[in-house]
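Participant: Input structure: query.pdb, which contains PDB, C-alpha atoms, pLDDT in the B column.
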```
ATOM      1  CA  ASN L   1      57.853  80.837   9.918  1.00 59.00           C
ATOM      2  CA  ALA L   2      59.228  78.761  12.741  1.00 59.00           C
ATOM      3  CA  PRO L   3      62.382  76.831  11.936  1.00 59.00           C
ATOM      4  CA  SER L   4      62.087  73.209  10.908  1.00 58.00           C
ATOM      5  CA  ILE L   5      62.903  70.486  13.377  1.00 59.00           C
ATOM      6  CA  PRO L   6      65.380  67.976  11.966  1.00 59.00           C
ATOM      7  CA  THR L   7      63.723  64.705  11.046  1.00 59.00           C
ATOM      8  CA  PRO L   8      65.484  61.392  10.469  1.00 59.00           C
ATOM      9  CA  ASP L   9      67.132  61.424   7.077  1.00 65.00           C
ATOM     10  CA  VAL L  10      66.141  57.902   6.115  1.00 79.00           C
ATOM     11  CA  PRO L  11      63.635  58.104   3.253  1.00 88.00           C
ATOM     12  CA  LEU L  12      61.060  55.311   3.211  1.00 92.00           C
ATOM     13  CA  ASP L  13      60.899  55.455  -0.609  1.00 92.00           C
ATOM     14  CA  LEU L  14      57.191  54.624  -0.537  1.00 95.00           C
ATOM     15  CA  LYS L  15      55.443  53.307  -3.629  1.00 96.00           C
ATOM     16  CA  PRO L  16      51.750  52.835  -4.506  1.00 97.00           C
ATOM     17  CA  GLY L  17      50.353  49.820  -2.648  1.00 96.00           C
ATOM     18  CA  ASP L  18      52.911  49.876   0.187  1.00 97.00           C
ATOM     19  CA  LEU L  19      51.347  49.258   3.596  1.00 97.00           C
ATOM     20  CA  VAL L  20      52.218  51.822   6.264  1.00 97.00           C
ATOM     21  CA  GLU L  21      51.206  52.574   9.815  1.00 97.00           C
ATOM     22  CA  VAL L  22      50.644  56.164  10.857  1.00 98.00           C
ATOM     23  CA  LYS L  23      52.865  56.888  13.862  1.00 97.00           C
ATOM     24  CA  SER L  24      51.460  57.904  17.245  1.00 97.00           C
ATOM     25  CA  PHE L  25      50.669  61.568  17.724  1.00 97.00           C
ATOM     26  CA  ALA L  26      53.539  61.842  20.223  1.00 96.00           C
ATOM     27  CA  GLU L  27      55.978  60.557  17.575  1.00 95.00           C
ATOM     28  CA  ILE L  28      54.563  62.905  14.944  1.00 96.00           C
ATOM     29  CA  LYS L  29      54.546  65.890  17.306  1.00 95.00           C
ATOM     30  CA  ALA L  30      58.301  65.400  17.793  1.00 94.00           C
ATOM     31  CA  THR L  31      58.777  66.141  14.048  1.00 93.00           C
ATOM     32  CA  LEU L  32      56.751  69.374  14.083  1.00 94.00           C
ATOM     33  CA  ASN L  33      58.025  72.918  14.522  1.00 94.00           C
ATOM     34  CA  ALA L  34      56.180  75.629  16.468  1.00 94.00           C
ATOM     35  CA  ASP L  35      53.879  76.170  13.453  1.00 93.00           C
ATOM     36  CA  GLY L  36      52.884  72.466  13.393  1.00 93.00           C
ATOM     37  CA  ARG L  37      54.917  71.767  10.252  1.00 92.00           C
ATOM     38  CA  CYS L  38      57.422  69.139   9.188  1.00 93.00           C
ATOM     39  CA  ARG L  39      59.679  70.226   6.317  1.00 89.00           C
ATOM     40  CA  GLY L  40      57.058  72.836   5.406  1.00 88.00           C
ATOM     41  CA  LEU L  41      54.003  70.537   5.474  1.00 91.00           C
ATOM     42  CA  TYR L  42      51.289  71.221   8.068  1.00 90.00           C
ATOM     43  CA  PHE L  43      49.972  68.366  10.201  1.00 93.00           C
ATOM     44  CA  MET L  44      46.252  69.190  10.300  1.00 89.00           C
ATOM     45  CA  PRO L  45      44.250  68.455  13.466  1.00 88.00           C
ATOM     46  CA  GLY L  46      41.970  66.014  11.614  1.00 88.00           C
ATOM     47  CA  MET L  47      44.965  63.844  10.754  1.00 93.00           C
ATOM     48  CA  ARG L  48      45.262  62.761  14.403  1.00 94.00           C
ATOM     49  CA  ALA L  49      42.329  60.379  13.903  1.00 93.00           C
ATOM     50  CA  TYR L  50      44.559  58.243  11.653  1.00 96.00           C
ATOM     51  CA  CYS L  51      47.361  57.767  14.206  1.00 97.00           C
ATOM     52  CA  GLY L  52      47.990  54.044  14.731  1.00 97.00           C
ATOM     53  CA  LEU L  53      46.035  52.966  11.650  1.00 97.00           C
ATOM     54  CA  ARG L  54      47.454  50.845   8.858  1.00 97.00           C
ATOM     55  CA  LEU L  55      46.791  52.222   5.390  1.00 97.00           C
ATOM     56  CA  ARG L  56      48.048  51.772   1.839  1.00 97.00           C
ATOM     57  CA  VAL L  57      49.990  54.363  -0.083  1.00 97.00           C
ATOM     58  CA  LEU L  58      47.943  55.626  -3.004  1.00 97.00           C
ATOM     59  CA  HIS L  59      50.606  57.759  -4.634  1.00 95.00           C
ATOM     60  CA  PRO L  60      53.796  59.722  -3.912  1.00 96.00           C
ATOM     61  CA  ILE L  61      53.436  63.517  -4.278  1.00 95.00           C
ATOM     62  CA  GLU L  62      56.304  65.434  -5.848  1.00 93.00           C
ATOM     63  CA  ARG L  63      54.714  68.865  -6.271  1.00 91.00           C
ATOM     64  CA  MET L  64      51.704  70.895  -5.236  1.00 87.00           C
ATOM     65  CA  MET L  65      50.239  74.301  -5.918  1.00 85.00           C
ATOM     66  CA  SER L  66      50.248  76.700  -2.985  1.00 79.00           C
ATOM     67  CA  GLU L  67      46.693  77.949  -2.439  1.00 75.00           C
ATOM     68  CA  LYS L  68      48.089  81.157  -0.921  1.00 79.00           C
ATOM     69  CA  THR L  69      50.446  82.132  -3.738  1.00 88.00           C
ATOM     70  CA  GLY L  70      49.437  79.995  -6.720  1.00 88.00           C
ATOM     71  CA  GLU L  71      53.052  78.931  -7.108  1.00 90.00           C
ATOM     72  CA  MET L  72      54.052  75.327  -7.797  1.00 92.00           C
ATOM     73  CA  ARG L  73      56.100  73.885  -4.930  1.00 88.00           C
ATOM     74  CA  SER L  74      58.315  70.809  -5.011  1.00 90.00           C
ATOM     75  CA  LEU L  75      57.756  68.195  -2.332  1.00 90.00           C
ATOM     76  CA  SER L  76      59.884  65.279  -1.253  1.00 91.00           C
ATOM     77  CA  ARG L  77      59.126  62.239   0.849  1.00 94.00           C
ATOM     78  CA  THR L  78      55.397  62.985   0.737  1.00 96.00           C
ATOM     79  CA  VAL L  79      52.521  60.616  -0.109  1.00 97.00           C
ATOM     80  CA  ILE L  80      48.757  60.372  -0.126  1.00 96.00           C
ATOM     81  CA  LEU L  81      47.086  57.383   1.531  1.00 97.00           C
ATOM     82  CA  GLU L  82      44.081  55.428   0.264  1.00 96.00           C
ATOM     83  CA  GLY L  83      40.790  56.712   1.617  1.00 91.00           C
ATOM     84  CA  VAL L  84      42.265  59.599   3.639  1.00 92.00           C
ATOM     85  CA  THR L  85      40.734  62.957   2.779  1.00 87.00           C
ATOM     86  CA  CYS L  86      40.562  66.281   4.591  1.00 78.00           C
ATOM     87  CA  ASP L  87      37.555  66.700   6.885  1.00 74.00           C
ATOM     88  CA  GLY L  88      37.592  70.456   6.207  1.00 70.00           C
ATOM     89  CA  LYS L  89      37.482  71.481   9.878  1.00 63.00           C
ATOM     90  CA  ALA L  90      40.943  73.084   9.758  1.00 59.00           C
ATOM     91  CA  HIS L  91      39.810  75.126   6.753  1.00 54.00           C
ATOM     92  CA  GLY L  92      36.586  76.724   7.935  1.00 64.00           C
ATOM     93  CA  GLY L  93      34.342  73.815   6.971  1.00 63.00           C
ATOM     94  CA  CYS L  94      35.662  73.338   3.422  1.00 72.00           C
ATOM     95  CA  GLN L  95      33.783  70.481   1.722  1.00 64.00           C
ATOM     96  CA  ARG L  96      36.149  69.670  -1.135  1.00 63.00           C
ATOM     97  CA  GLY L  97      37.415  66.440   0.470  1.00 67.00           C
ATOM     98  CA  CYS L  98      40.975  66.821  -0.860  1.00 83.00           C
ATOM     99  CA  TYR L  99      43.559  64.126  -0.223  1.00 87.00           C
ATOM    100  CA  VAL L 100      45.706  64.700   2.849  1.00 90.00           C
ATOM    101  CA  PHE L 101      49.472  64.854   2.293  1.00 93.00           C
ATOM    102  CA  TRP L 102      51.697  62.801   4.618  1.00 96.00           C
ATOM    103  CA  LYS L 103      55.434  63.201   5.217  1.00 96.00           C
ATOM    104  CA  ASP L 104      57.205  59.854   5.471  1.00 95.00           C
ATOM    105  CA  ALA L 105      58.507  60.985   8.899  1.00 95.00           C
ATOM    106  CA  TRP L 106      54.923  60.447  10.125  1.00 97.00           C
ATOM    107  CA  LEU L 107      54.714  56.865   8.799  1.00 96.00           C
ATOM    108  CA  LYS L 108      56.246  53.444   9.441  1.00 95.00           C
ATOM    109  CA  ARG L 109      56.550  50.824   6.729  1.00 94.00           C
ATOM    110  CA  VAL L 110      54.680  47.592   7.564  1.00 95.00           C
ATOM    111  CA  GLU L 111      56.691  44.620   6.348  1.00 85.00           C
ATOM    112  CA  GLY L 112      55.385  41.236   5.327  1.00 72.00           C
ATOM    113  CA  GLU L 113      51.781  42.104   4.489  1.00 62.00           C
TER     114      GLU L 113
END
```
Give the structure from the file, written as structure tokens.
Facilitator:
Amino acid sequence: NAPSIPTPDVPLDLKPGDLVEVKSFAEIKATLNADGRCRGLYFMPGMRAYCGLRLRVLHPIERMMSEKTGEMRSLSRTVILEGVTCDGKAHGGCQRGCYVFWKDAWLKRVEGE
């Protein structure tokens, strides 16, 4: 695995209902290592379509099961956003429509809305 690139250590502490804006791809790319990951989480190609959009946080994610190993992994500063599901293209055409996980380093809080 490629080493992680340091990301700003200012948690957004996002809660359900918070309005966020997905950062530009250039801003997100700056957080990714050579494997396209930020703190272990992969930024899938289909996620680029959401750059610049304002969306609501559906729920913070604190753990997930690794599909490769079956082990439960702890996550921090990770959320799912309302209406954002995987298009399956990065996974050989998978049609499950799973929620996409977002690191807070890829998001900006939108105040006053």
Participant: Report as a VMD selection string the full result of the PyMOL selection byres ((chain L and resi 102) around 7) when it is applied to this structure.
Facilitator: chain L and resid 78 to 80 100 to 101 103 to 104 106
Participant: May I ask for the distance between atom CA of Ala105 of chain L and atom CA of Asp35 of chain L, given in Å to one decimal place?
Facilitator: 16.5 Å
Participant: To verify the selection step, state as a list in words which residues the PyMOL selection byres ((chain L and resi 56) around 6) yields on this input.
Facilitator: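 Listing what the PyMOL selection byres ((chain L and resi 56) around 6) selects in the shown file: Gly17, Asp18, Leu19, Leu55, Val57, Leu81 and Glu82 of chain L.
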Participant: Residues within 12 Å of Met65 of chain L, please, as number ranges by chain. Count all atoms listed in the file; anything in the same chain fewer than 6 positions from it doesn't count.
Facilitator: L: 71-75
Participant: On this structure, the PyMOL selection byres ((chain L and resi 112) around 12) would catch which residues? List them as a ChimeraX atom specification, sorted by chain and number.
Facilitator: /L:18-20,109-111,113
Participant: Taking only C-alpha atoms into account, name the residue in L:Lys23, L:Arg63, L:Arg77, L:Lys108 that is nearest to Arg39 of chain L.
Facilitator: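 Ranked by minimum distance to Arg39 of chain L, first place goes to L:Arg77.
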Participant: Counting all atoms listed in the file, I want the residues whose atoms come within 10 Å of (42.8, 65.4, 12.6) in the file frame, returned as a PyMOL selection string.
Facilitator: chain L and resi 43-51+86-90
Participant: What residues have an atom no more than 6 Å from (41.1, 63.2, 3.1) in the file's own frame, counting all atoms listed in the file, and can you write them as a list in words?
Facilitator: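 Returned residue set, sorted by chain then number, is Val84, Thr85, Cys86, Gly97, Cys98, Tyr99 and Val100 of chain L.
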Participant: Just give me the gap between atom CA of Glu62 of chain L and atom CA of Ala26 of chain L in Å, one decimal is fine.
Facilitator: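 Distance between the two atoms: 26.5 Å.
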Participant: To one decimal place, how far is atom CA of Glu27 of chain L from atom CA of Tyr42 of chain L in Å?
Facilitator: 15.0 Å
